[in-house]
2 protein chains.
Amino acid sequence: MKQKLSIVKIGGNVIENKPELARFLKLFSKLDGDKILVHGGGKLATQLAEKLGVESKLVEGRRITDAASLEVITMVYGGLTNKNIVSQLQAHGTNAIGLSGADGDTIQAHKRPVGAIDFGFVGDIDGVNSELITSLLEAGLTPVFCALTHDGNGQLLNTNADTIASEIAIGLSGTYETILYYCFEKKGVLMDISDEKSVVKHIDSTKYQELLNTKIIADGMLPKLENCFHALRKNVAKVCLGDMEMLEPNNTLFTTITL
Amino acid sequence: MKQKLSIVKIGGNVIENKPELARFLKLFSKLDGDKILVHGGGKLATQLAEKLGVESKLVEGRRITDAASLEVITMVYGGLTNKNIVSQLQAHGTNAIGLSGADGDTIQAHKRPVGAIDFGFVGDIDGVNSELITSLLEAGLTPVFCALTHDGNGQLLNTNADTIASEIAIGLSGTYETILYYCFEKKGVLMDISDEKSVVKHIDSTKYQELLNTKIIADGMLPKLENCFHALRKNVAKVCLGDMEMLEPNNTLFTTITL
């Protein structure tokens with residue numbers, strides 16, 4: 001039987017709030033077995049950009065990463081957030097190692113081709129260096145990835161953290177039984193958006209179709225769930241959606257997704 | 001016979017100048033055998049601090065690292081500079097991995113005790129995790145260290161890059177034949193400060209005493225040389241002092257120091 005590997009992704013709502021982040025890191029540290037953390041940067045990057053007078057450029061409502069924004073992101077995601085997470089995990093006895101996709105050539109990507117919109121220095125992932133990530137895990141390390149990849153030609157690229165998490169989980173599914181945890185601001189997929197307790201505890205392909213038909217899953221949840229099923233079809237064992245409490249050993253109030 | 005390991009430290013004069021840095025990284029990539037790069041951050045951190053209105057605090061001419069300065073340093077050293085160096089080395093085919101001392105618990109330190117001056121979040125090194133650094137080297141990786149360490153309790157610490165380089169070289173001397181390269185703005189120790197060609201090509205303990213007596217080595221060079229001899233006494237095989245040209249295979253115009 002394959003060994004278990006947990007890949008946990010946290011979003012801005014956790015990162016931006018120091019006490020929340022501290023609580024999350026404690027929970028994450030206690031997770032059994034091999035694990036990997038993936039984080040974005042959230043509002044901290046926007047705040048730094050504002051202070052530095054770097055304008056956030058939007059085209060048709062989509063954010064553009066120009067050279068100045070990429071510098072800010074590299075400082076915040078790769079530096080401030082990543083190194084603070086790593087040092088705090090060390091304090092909990094978790095031997096963390098902070099990585100961008102350039103470090104150890106762990107995540108190769110290419111600049112998103114210019115179509116109707118030029119997104120700037122945004123990366124679409126080509127591959128994950130599973131062999132190296134496995135050797136880090138085998139050395140007892142807990143990789144902590146920020147949302148940066150590289151093109152192999154010296155260019156760093158801003159990359160969606162949800163996608164980084166799922167691509168890592170997919171890439172390591174040959175060696176490990178991978179479980180992907182998406183921590184977000186809700187307790188999972190809700191039957192009634194106004195009732196935090198109406199969590200759909202288990203979704204499989206049949207249930208997913210039903211939830212799509214009844215429009216329970218719509219809007220922002222749609223791409224999230226599509227991403228989950230994409231990972232499952234690519235041999236990820238299980239995807240869990242919920243707030244950080246789902247890492248608590250006895251908590252069952254979150255959504256588990258299987259094929 | 002032990003395998004050779006080169007530890008190269010670069011200073012602000014290289015990091016701050018993009019074409020110089022690019023040229024250095026090309027030279028560094030071509031260095032034979034296992035290698036480690038150590039970098040500080042130089043003026044980039046000061047410039048960012050100024051833009052953000054973070055005051056540089058000096059007490060008796062010594063720089064103090066308060067919480068705001070540490071954030072700036074973490075962003076610049078750990079993020080911007082480190083990740084850009086790593087991605088550029090990847091483009092040269094060198095599988096670099098960027099690290100602070102917190103990553104993989106590679107460099108343990110403690111906050112410098114408050115004496116006449118409270119230096120703030122400045123670290124004095126307690127130990128280097130040679131075992132983990134060796135396992136990274138054995139995995140074919142080239143560690144790139146920024147000038148940050150940690151105290152094991154969640155606190156990052158600003159730490160002198162020269163000391164990081166020598167402590168790493170010392171720590172790995174049990175396993176490797178370590179050669180320490182200090183790249184700085186001069187071609188080495190000069191007999192005549194105004195003549196760049198007057199390089200003292202070899203210094204041993206006897207020659208060192210002679211240069212001290214004749215005051216050829218004085219002022220800023222004194223602590224630098226003391227640091228070199230400290231490393232040599234702790235089993236580092238050789239220390240080289242010069243500008244980046246010393247990494248050129250056929251160049252001999254730099255200072256080599258042995259016991």
# chains A, B, ... in the order shown; residues from 1 in each chain; ligands from 1

$ closest_atom_pairs --of "chain B" --to "chain A" --cutoff "10 Å" --atoms "only C-alpha atoms" --output "JSON lines"
{"residue": "B:Leu48", "atom": "CA", "partner": "A:Leu52", "partner_atom": "CA", "distance": 8.6}
{"residue": "B:Lys51", "atom": "CA", "partner": "A:Leu52", "partner_atom": "CA", "distance": 6.6}
{"residue": "B:Leu52", "atom": "CA", "partner": "A:Lys51", "partner_atom": "CA", "distance": 6.6}
{"residue": "B:Gly53", "atom": "CA", "partner": "A:Lys51", "partner_atom": "CA", "distance": 9.4}
{"residue": "B:Leu70", "atom": "CA", "partner": "A:Leu80", "partner_atom": "CA", "distance": 9.4}
{"residue": "B:Glu71", "atom": "CA", "partner": "A:Leu80", "partner_atom": "CA", "distance": 6.5}
{"residue": "B:Val72", "atom": "CA", "partner": "A:Leu80", "partner_atom": "CA", "distance": 8.2}
{"residue": "B:Ile73", "atom": "CA", "partner": "A:Leu80", "partner_atom": "CA", "distance": 8.7}
{"residue": "B:Thr74", "atom": "CA", "partner": "A:Leu80", "partner_atom": "CA", "distance": 5.4}
{"residue": "B:Met75", "atom": "CA", "partner": "A:Met75", "partner_atom": "CA", "distance": 4.3}
{"residue": "B:Val76", "atom": "CA", "partner": "A:Met75", "partner_atom": "CA", "distance": 6.0}
{"residue": "B:Tyr77", "atom": "CA", "partner": "A:Gly79", "partner_atom": "CA", "distance": 7.5}
{"residue": "B:Gly78", "atom": "CA", "partner": "A:Gly79", "partner_atom": "CA", "distance": 4.7}
{"residue": "B:Gly79", "atom": "CA", "partner": "A:Gly79", "partner_atom": "CA", "distance": 3.6}
{"residue": "B:Leu80", "atom": "CA", "partner": "A:Met75", "partner_atom": "CA", "distance": 5.0}
{"residue": "B:Thr81", "atom": "CA", "partner": "A:Met75", "partner_atom": "CA", "distance": 8.6}
{"residue": "B:Asn82", "atom": "CA", "partner": "A:Gly79", "partner_atom": "CA", "distance": 8.6}
{"residue": "B:Lys83", "atom": "CA", "partner": "A:Gly78", "partner_atom": "CA", "distance": 7.2}
{"residue": "B:Asn84", "atom": "CA", "partner": "A:Leu156", "partner_atom": "CA", "distance": 7.4}
{"residue": "B:Ile85", "atom": "CA", "partner": "A:Gly154", "partner_atom": "CA", "distance": 8.5}
{"residue": "B:Val86", "atom": "CA", "partner": "A:Asp103", "partner_atom": "CA", "distance": 6.4}
{"residue": "B:Ser87", "atom": "CA", "partner": "A:Gly154", "partner_atom": "CA", "distance": 4.6}
{"residue": "B:Gln88", "atom": "CA", "partner": "A:Gly154", "partner_atom": "CA", "distance": 4.2}
{"residue": "B:Leu89", "atom": "CA", "partner": "A:Gly154", "partner_atom": "CA", "distance": 7.3}
{"residue": "B:Gln90", "atom": "CA", "partner": "A:Gly152", "partner_atom": "CA", "distance": 5.9}
{"residue": "B:Ala91", "atom": "CA", "partner": "A:Asn153", "partner_atom": "CA", "distance": 4.5}
{"residue": "B:His92", "atom": "CA", "partner": "A:Asn153", "partner_atom": "CA", "distance": 8.1}
{"residue": "B:Gly93", "atom": "CA", "partner": "A:Gly152", "partner_atom": "CA", "distance": 8.6}
{"residue": "B:Thr94", "atom": "CA", "partner": "A:Gly104", "partner_atom": "CA", "distance": 9.1}
{"residue": "B:Asn95", "atom": "CA", "partner": "A:Gly104", "partner_atom": "CA", "distance": 5.5}
{"residue": "B:Ala96", "atom": "CA", "partner": "A:Gly104", "partner_atom": "CA", "distance": 5.6}
{"residue": "B:Ile97", "atom": "CA", "partner": "A:Asp103", "partner_atom": "CA", "distance": 4.2}
{"residue": "B:Gly98", "atom": "CA", "partner": "A:Asp103", "partner_atom": "CA", "distance": 5.9}
{"residue": "B:Leu99", "atom": "CA", "partner": "A:Gly98", "partner_atom": "CA", "distance": 7.3}
{"residue": "B:Ser100", "atom": "CA", "partner": "A:Lys83", "partner_atom": "CA", "distance": 7.5}
{"residue": "B:Gly101", "atom": "CA", "partner": "A:Ser87", "partner_atom": "CA", "distance": 8.9}
{"residue": "B:Ala102", "atom": "CA", "partner": "A:Ser87", "partner_atom": "CA", "distance": 5.4}
{"residue": "B:Asp103", "atom": "CA", "partner": "A:Ile97", "partner_atom": "CA", "distance": 4.2}
{"residue": "B:Gly104", "atom": "CA", "partner": "A:Ile97", "partner_atom": "CA", "distance": 5.0}
{"residue": "B:Asp105", "atom": "CA", "partner": "A:Asn95", "partner_atom": "CA", "distance": 6.5}
{"residue": "B:Thr106", "atom": "CA", "partner": "A:Ile97", "partner_atom": "CA", "distance": 9.4}
{"residue": "B:Leu132", "atom": "CA", "partner": "A:Ala139", "partner_atom": "CA", "distance": 7.8}
{"residue": "B:Ser135", "atom": "CA", "partner": "A:Ala139", "partner_atom": "CA", "distance": 7.7}
{"residue": "B:Leu136", "atom": "CA", "partner": "A:Leu136", "partner_atom": "CA", "distance": 8.2}
{"residue": "B:Ala139", "atom": "CA", "partner": "A:Ser135", "partner_atom": "CA", "distance": 7.7}
{"residue": "B:Gly140", "atom": "CA", "partner": "A:Gly104", "partner_atom": "CA", "distance": 9.0}
{"residue": "B:Leu141", "atom": "CA", "partner": "A:Gly104", "partner_atom": "CA", "distance": 6.6}
{"residue": "B:Thr142", "atom": "CA", "partner": "A:Gly104", "partner_atom": "CA", "distance": 8.3}
{"residue": "B:Pro143", "atom": "CA", "partner": "A:Gly104", "partner_atom": "CA", "distance": 9.1}
{"residue": "B:Val144", "atom": "CA", "partner": "A:Asp103", "partner_atom": "CA", "distance": 9.4}
{"residue": "B:Leu148", "atom": "CA", "partner": "A:Lys83", "partner_atom": "CA", "distance": 9.4}
{"residue": "B:Thr149", "atom": "CA", "partner": "A:Ser87", "partner_atom": "CA", "distance": 9.1}
{"residue": "B:His150", "atom": "CA", "partner": "A:Ser87", "partner_atom": "CA", "distance": 6.7}
{"residue": "B:Asp151", "atom": "CA", "partner": "A:Ser87", "partner_atom": "CA", "distance": 8.4}
{"residue": "B:Gly152", "atom": "CA", "partner": "A:Ala91", "partner_atom": "CA", "distance": 5.2}
{"residue": "B:Asn153", "atom": "CA", "partner": "A:Ala91", "partner_atom": "CA", "distance": 4.5}
{"residue": "B:Gly154", "atom": "CA", "partner": "A:Gln88", "partner_atom": "CA", "distance": 4.2}
{"residue": "B:Gln155", "atom": "CA", "partner": "A:Ser87", "partner_atom": "CA", "distance": 6.4}
{"residue": "B:Leu156", "atom": "CA", "partner": "A:Ser87", "partner_atom": "CA", "distance": 6.6}

$ calpha_fit_and_write --fixed "chain B" --moving "chain A" --output "compact mmCIF listing (two decimals) with C-alpha atoms, in the first residue's frame"
# COMPACT_ATOMS: atom_id res chain seq x y z
CA MET A 1 40.23 11.69 -0.52
CA LYS A 2 37.37 14.01 0.31
CA GLN A 3 35.30 15.56 -2.45
CA LYS A 4 35.75 19.26 -3.14
CA LEU A 5 33.03 21.72 -2.08
CA SER A 6 33.18 25.41 -3.01
CA ILE A 7 31.35 27.94 -0.84
CA VAL A 8 31.13 31.31 -2.58
CA LYS A 9 29.97 34.50 -0.86
CA ILE A 10 28.95 37.55 -2.88
CA GLY A 11 28.35 41.03 -1.53
CA GLY A 12 26.18 43.99 -2.38
CA ASN A 13 28.49 45.27 -5.14
CA VAL A 14 27.59 42.22 -7.27
CA ILE A 15 23.95 41.84 -6.20
CA GLU A 16 22.98 45.44 -6.84
CA ASN A 17 24.20 45.49 -10.41
CA LYS A 18 22.07 43.34 -12.76
CA PRO A 19 24.68 42.81 -15.52
CA GLU A 20 27.39 42.10 -12.92
CA LEU A 21 25.14 39.62 -11.16
CA ALA A 22 24.31 37.89 -14.45
CA ARG A 23 28.03 37.61 -15.25
CA PHE A 24 28.80 36.29 -11.78
CA LEU A 25 26.04 33.65 -11.96
CA LYS A 26 27.40 32.41 -15.27
CA LEU A 27 30.89 32.05 -13.77
CA PHE A 28 29.48 30.41 -10.64
CA SER A 29 27.50 27.93 -12.74
CA LYS A 30 30.66 26.81 -14.47
CA LEU A 31 32.52 26.09 -11.22
CA ASP A 32 33.41 22.41 -11.08
CA GLY A 33 32.06 20.14 -8.39
CA ASP A 34 29.61 20.71 -5.55
CA LYS A 35 29.02 24.30 -4.58
CA ILE A 36 27.04 26.63 -2.34
CA LEU A 37 26.27 30.31 -2.81
CA VAL A 38 25.80 32.78 0.05
CA HIS A 39 24.48 36.29 -0.55
CA GLY A 40 23.47 39.32 1.45
CA GLY A 41 21.14 41.96 0.09
CA GLY A 42 23.08 45.21 0.00
CA LYS A 43 21.49 48.49 -0.91
CA LEU A 44 18.28 46.96 -2.31
CA ALA A 45 16.99 46.49 1.24
CA THR A 46 17.95 50.04 2.20
CA GLN A 47 16.21 51.35 -0.92
CA LEU A 48 13.02 49.41 -0.18
CA ALA A 49 13.10 50.56 3.45
CA GLU A 50 13.35 54.17 2.28
CA LYS A 51 10.44 53.76 -0.12
CA LEU A 52 8.33 52.26 2.68
CA GLY A 53 9.36 54.93 5.16
CA VAL A 54 11.09 52.37 7.39
CA GLU A 55 13.87 54.28 9.13
CA SER A 56 17.35 52.80 9.26
CA LYS A 57 18.26 52.93 12.92
CA LEU A 58 21.88 53.34 13.88
CA VAL A 59 23.24 53.24 17.42
CA GLU A 60 26.91 54.23 17.80
CA GLY A 61 27.29 53.76 14.06
CA ARG A 62 25.95 50.19 14.18
CA ARG A 63 22.81 49.23 12.29
CA ILE A 64 19.84 48.03 14.36
CA THR A 65 17.39 45.48 12.95
CA ASP A 66 13.96 46.31 14.36
CA ALA A 67 10.79 44.41 13.41
CA ALA A 68 10.03 46.63 10.40
CA SER A 69 13.61 46.35 9.08
CA LEU A 70 13.50 42.57 9.50
CA GLU A 71 10.34 42.46 7.34
CA VAL A 72 12.11 44.44 4.63
CA ILE A 73 15.18 42.19 4.82
CA THR A 74 13.00 39.07 4.68
CA MET A 75 11.28 40.38 1.55
CA VAL A 76 14.48 41.46 -0.20
CA TYR A 77 17.06 38.86 0.88
CA GLY A 78 14.72 35.88 1.22
CA GLY A 79 12.36 36.80 -1.62
CA LEU A 80 13.47 39.11 -4.39
CA THR A 81 17.22 38.50 -4.42
CA ASN A 82 17.18 34.83 -3.52
CA LYS A 83 14.46 33.76 -5.97
CA ASN A 84 15.92 35.80 -8.83
CA ILE A 85 19.34 34.23 -8.28
CA VAL A 86 17.79 30.76 -8.14
CA SER A 87 15.77 31.20 -11.34
CA GLN A 88 18.81 32.59 -13.18
CA LEU A 89 20.98 29.68 -12.02
CA GLN A 90 18.31 27.30 -13.30
CA ALA A 91 18.65 28.94 -16.71
CA HIS A 92 22.38 28.05 -16.60
CA GLY A 93 21.55 24.42 -15.82
CA THR A 94 22.50 24.68 -12.14
CA ASN A 95 19.81 23.08 -10.01
CA ALA A 96 19.74 25.77 -7.32
CA ILE A 97 17.59 25.74 -4.20
CA GLY A 98 17.13 28.95 -2.22
CA LEU A 99 17.34 28.74 1.55
CA SER A 100 17.24 30.82 4.68
CA GLY A 101 18.62 29.26 7.84
CA ALA A 102 15.02 28.43 8.83
CA ASP A 103 14.52 26.25 5.74
CA GLY A 104 15.34 22.70 6.68
CA ASP A 105 16.60 24.12 10.01
CA THR A 106 19.88 24.58 8.13
CA ILE A 107 21.31 27.37 10.33
CA GLN A 108 20.40 27.72 13.99
CA ALA A 109 21.11 30.98 15.72
CA HIS A 110 20.16 33.04 18.76
CA LYS A 111 19.30 36.71 19.02
CA ARG A 112 22.47 38.59 19.89
CA PRO A 113 22.35 39.26 23.65
CA VAL A 114 21.68 42.85 24.60
CA GLY A 115 24.90 44.44 25.83
CA ALA A 116 25.87 48.07 25.43
CA ILE A 117 23.77 47.99 22.25
CA ASP A 118 20.55 46.09 21.47
CA PHE A 119 21.07 45.10 17.85
CA GLY A 120 17.47 43.92 17.55
CA PHE A 121 16.72 40.88 15.42
CA VAL A 122 20.33 40.02 14.65
CA GLY A 123 21.46 36.43 14.92
CA ASP A 124 24.69 34.86 16.12
CA ILE A 125 25.10 31.38 14.71
CA ASP A 126 24.93 28.34 17.00
CA GLY A 127 25.19 25.57 14.44
CA VAL A 128 24.84 24.40 10.87
CA ASN A 129 22.79 21.35 9.87
CA SER A 130 25.60 19.75 7.86
CA GLU A 131 23.73 16.49 7.48
CA LEU A 132 20.80 18.08 5.68
CA ILE A 133 22.99 20.36 3.54
CA THR A 134 25.00 17.28 2.56
CA SER A 135 21.83 15.42 1.58
CA LEU A 136 20.74 18.37 -0.61
CA LEU A 137 24.17 18.38 -2.30
CA GLU A 138 23.94 14.63 -2.79
CA ALA A 139 20.54 15.11 -4.45
CA GLY A 140 22.36 17.25 -7.06
CA LEU A 141 21.19 20.57 -5.65
CA THR A 142 23.14 23.81 -5.26
CA PRO A 143 22.02 25.58 -2.07
CA VAL A 144 21.73 29.39 -2.29
CA PHE A 145 21.66 30.93 1.19
CA CYS A 146 20.41 34.39 2.01
CA ALA A 147 21.58 36.20 5.13
CA LEU A 148 18.73 35.04 7.38
CA THR A 149 18.83 32.47 10.17
CA HIS A 150 16.28 31.50 12.84
CA ASP A 151 16.15 30.78 16.56
CA GLY A 152 13.98 27.65 16.39
CA ASN A 153 11.17 29.48 18.19
CA GLY A 154 9.66 31.12 15.12
CA GLN A 155 11.94 34.14 14.97
CA LEU A 156 13.91 34.95 11.83
CA LEU A 157 17.23 36.73 12.42
CA ASN A 158 19.33 39.00 10.21
CA THR A 159 22.79 37.44 10.09
CA ASN A 160 26.13 38.47 8.60
CA ALA A 161 26.61 36.74 5.24
CA ASP A 162 30.42 36.43 5.66
CA THR A 163 29.84 34.53 8.89
CA ILE A 164 27.14 32.33 7.32
CA ALA A 165 29.61 31.39 4.56
CA SER A 166 32.43 30.56 6.96
CA GLU A 167 30.17 28.62 9.35
CA ILE A 168 28.80 26.54 6.47
CA ALA A 169 32.33 25.87 5.23
CA ILE A 170 33.43 24.89 8.74
CA GLY A 171 30.37 22.72 9.29
CA LEU A 172 30.89 20.78 6.07
CA SER A 173 34.66 20.34 6.47
CA GLY A 174 34.14 16.96 8.10
CA THR A 175 32.62 15.59 4.90
CA TYR A 176 34.18 17.74 2.16
CA GLU A 177 37.42 19.47 1.29
CA THR A 178 35.92 22.95 1.63
CA ILE A 179 37.15 26.00 -0.25
CA LEU A 180 35.74 29.34 0.79
CA TYR A 181 35.59 32.16 -1.79
CA TYR A 182 34.92 35.72 -0.65
CA CYS A 183 34.04 37.84 -3.67
CA PHE A 184 34.40 41.52 -2.95
CA GLU A 185 35.23 44.72 -4.84
CA LYS A 186 39.03 44.26 -4.86
CA LYS A 187 41.27 41.71 -6.53
CA GLY A 188 42.51 40.48 -3.16
CA VAL A 189 44.82 41.71 -0.42
CA LEU A 190 46.87 44.50 -2.01
CA MET A 191 50.44 45.49 -1.09
CA ASP A 192 49.60 48.96 -2.38
CA ILE A 193 45.94 49.93 -1.97
CA SER A 194 46.12 52.19 -5.04
CA ASP A 195 47.50 49.47 -7.29
CA GLU A 196 44.95 46.77 -8.22
CA LYS A 197 47.77 44.63 -9.58
CA SER A 198 49.74 44.49 -6.35
CA VAL A 199 47.81 41.42 -5.19
CA VAL A 200 49.43 39.29 -2.48
CA LYS A 201 48.85 35.93 -4.14
CA HIS A 202 49.39 33.72 -1.13
CA ILE A 203 49.09 34.34 2.57
CA ASP A 204 49.90 31.78 5.23
CA SER A 205 50.24 32.28 8.99
CA THR A 206 53.83 33.58 8.72
CA LYS A 207 53.03 35.95 5.87
CA TYR A 208 49.93 37.11 7.76
CA GLN A 209 52.04 38.11 10.77
CA GLU A 210 54.41 39.98 8.48
CA LEU A 211 51.53 41.85 6.81
CA LEU A 212 50.10 42.72 10.19
CA ASN A 213 53.46 44.02 11.42
CA THR A 214 53.95 46.18 8.35
CA LYS A 215 50.32 47.40 8.59
CA ILE A 216 49.53 46.21 5.04
CA ILE A 217 46.53 44.51 6.63
CA ALA A 218 44.63 47.01 8.71
CA ASP A 219 41.18 48.60 9.15
CA GLY A 220 38.38 46.79 7.34
CA MET A 221 40.67 44.02 6.07
CA LEU A 222 41.62 43.00 9.60
CA PRO A 223 38.29 41.41 10.67
CA LYS A 224 37.95 39.87 7.17
CA LEU A 225 41.33 38.15 7.47
CA GLU A 226 40.68 37.14 11.08
CA ASN A 227 37.46 35.47 9.88
CA CYS A 228 39.46 33.64 7.15
CA PHE A 229 42.04 32.31 9.62
CA HIS A 230 39.27 31.31 12.02
CA ALA A 231 37.77 29.17 9.22
CA LEU A 232 41.17 27.67 8.36
CA ARG A 233 41.85 26.76 11.99
CA LYS A 234 38.46 24.99 11.96
CA ASN A 235 39.52 22.74 9.03
CA VAL A 236 38.45 24.75 6.01
CA ALA A 237 41.06 23.77 3.39
CA LYS A 238 41.55 27.09 1.66
CA VAL A 239 40.13 30.62 1.56
CA CYS A 240 40.23 32.76 -1.59
CA LEU A 241 39.73 36.54 -1.58
CA GLY A 242 39.18 38.52 -4.75
CA ASP A 243 36.66 39.88 -7.22
CA MET A 244 34.42 37.59 -9.27
CA GLU A 245 37.15 37.04 -11.85
CA MET A 246 38.78 34.63 -9.39
CA LEU A 247 36.16 32.06 -10.45
CA GLU A 248 37.59 32.13 -13.99
CA PRO A 249 39.50 28.85 -14.48
CA ASN A 250 42.80 30.40 -15.62
CA ASN A 251 42.89 33.50 -13.48
CA THR A 252 45.53 33.60 -10.73
CA LEU A 253 45.21 37.26 -9.74
CA PHE A 254 43.58 36.83 -6.33
CA THR A 255 44.64 36.03 -2.78
CA THR A 256 44.76 32.43 -1.57
CA ILE A 257 44.94 31.96 2.18
CA THR A 258 46.05 28.79 3.95
CA LEU A 259 47.23 28.12 7.50

$ select_by_dssp --residues "region 41-237 of chain A" --states "strand (DSSP E or B)" --output "ChimeraX atom specification"
/A:57-59,62-65,96-99,107-111,120,122-128,142-146,148-150,156-158,176-183,190,199,202-203

$ select_by_dssp --residues "region 124-240 of chain B" --states "helix (DSSP H, G or I)" --output "ChimeraX atom specification"
/B:130-138,161-171,205-213,221-233

$ decode --residues "region 135-159 of chain A" --atoms "C-alpha atoms" --output "PDB file, in the first residue's frame"
ATOM      1  CA  SER A 135      13.534  13.014  -2.104  1.00  0.00           C
ATOM      2  CA  LEU A 136      12.873  16.089   0.078  1.00  0.00           C
ATOM      3  CA  LEU A 137       9.973  14.258   1.771  1.00  0.00           C
ATOM      4  CA  GLU A 138      12.175  11.215   2.269  1.00  0.00           C
ATOM      5  CA  ALA A 139      14.786  13.448   3.928  1.00  0.00           C
ATOM      6  CA  GLY A 140      12.105  14.277   6.529  1.00  0.00           C
ATOM      7  CA  LEU A 141      11.308  17.711   5.118  1.00  0.00           C
ATOM      8  CA  THR A 142       7.925  19.401   4.733  1.00  0.00           C
ATOM      9  CA  PRO A 143       7.919  21.491   1.537  1.00  0.00           C
ATOM     10  CA  VAL A 144       6.123  24.858   1.752  1.00  0.00           C
ATOM     11  CA  PHE A 145       5.358  26.190  -1.726  1.00  0.00           C
ATOM     12  CA  CYS A 146       4.565  29.786  -2.548  1.00  0.00           C
ATOM     13  CA  ALA A 147       2.601  30.690  -5.668  1.00  0.00           C
ATOM     14  CA  LEU A 148       5.629  31.230  -7.919  1.00  0.00           C
ATOM     15  CA  THR A 149       6.929  29.006 -10.710  1.00  0.00           C
ATOM     16  CA  HIS A 150       9.600  29.553 -13.379  1.00  0.00           C
ATOM     17  CA  ASP A 151      10.092  29.010 -17.097  1.00  0.00           C
ATOM     18  CA  GLY A 152      13.601  27.536 -16.928  1.00  0.00           C
ATOM     19  CA  ASN A 153      14.993  30.585 -18.727  1.00  0.00           C
ATOM     20  CA  GLY A 154      15.393  32.782 -15.664  1.00  0.00           C
ATOM     21  CA  GLN A 155      11.848  34.103 -15.514  1.00  0.00           C
ATOM     22  CA  LEU A 156       9.745  33.733 -12.369  1.00  0.00           C
ATOM     23  CA  LEU A 157       5.986  33.460 -12.961  1.00  0.00           C
ATOM     24  CA  ASN A 158       3.004  34.253 -10.756  1.00  0.00           C
ATOM     25  CA  THR A 159       0.916  31.073 -10.627  1.00  0.00           C
TER      26      THR A 159
END
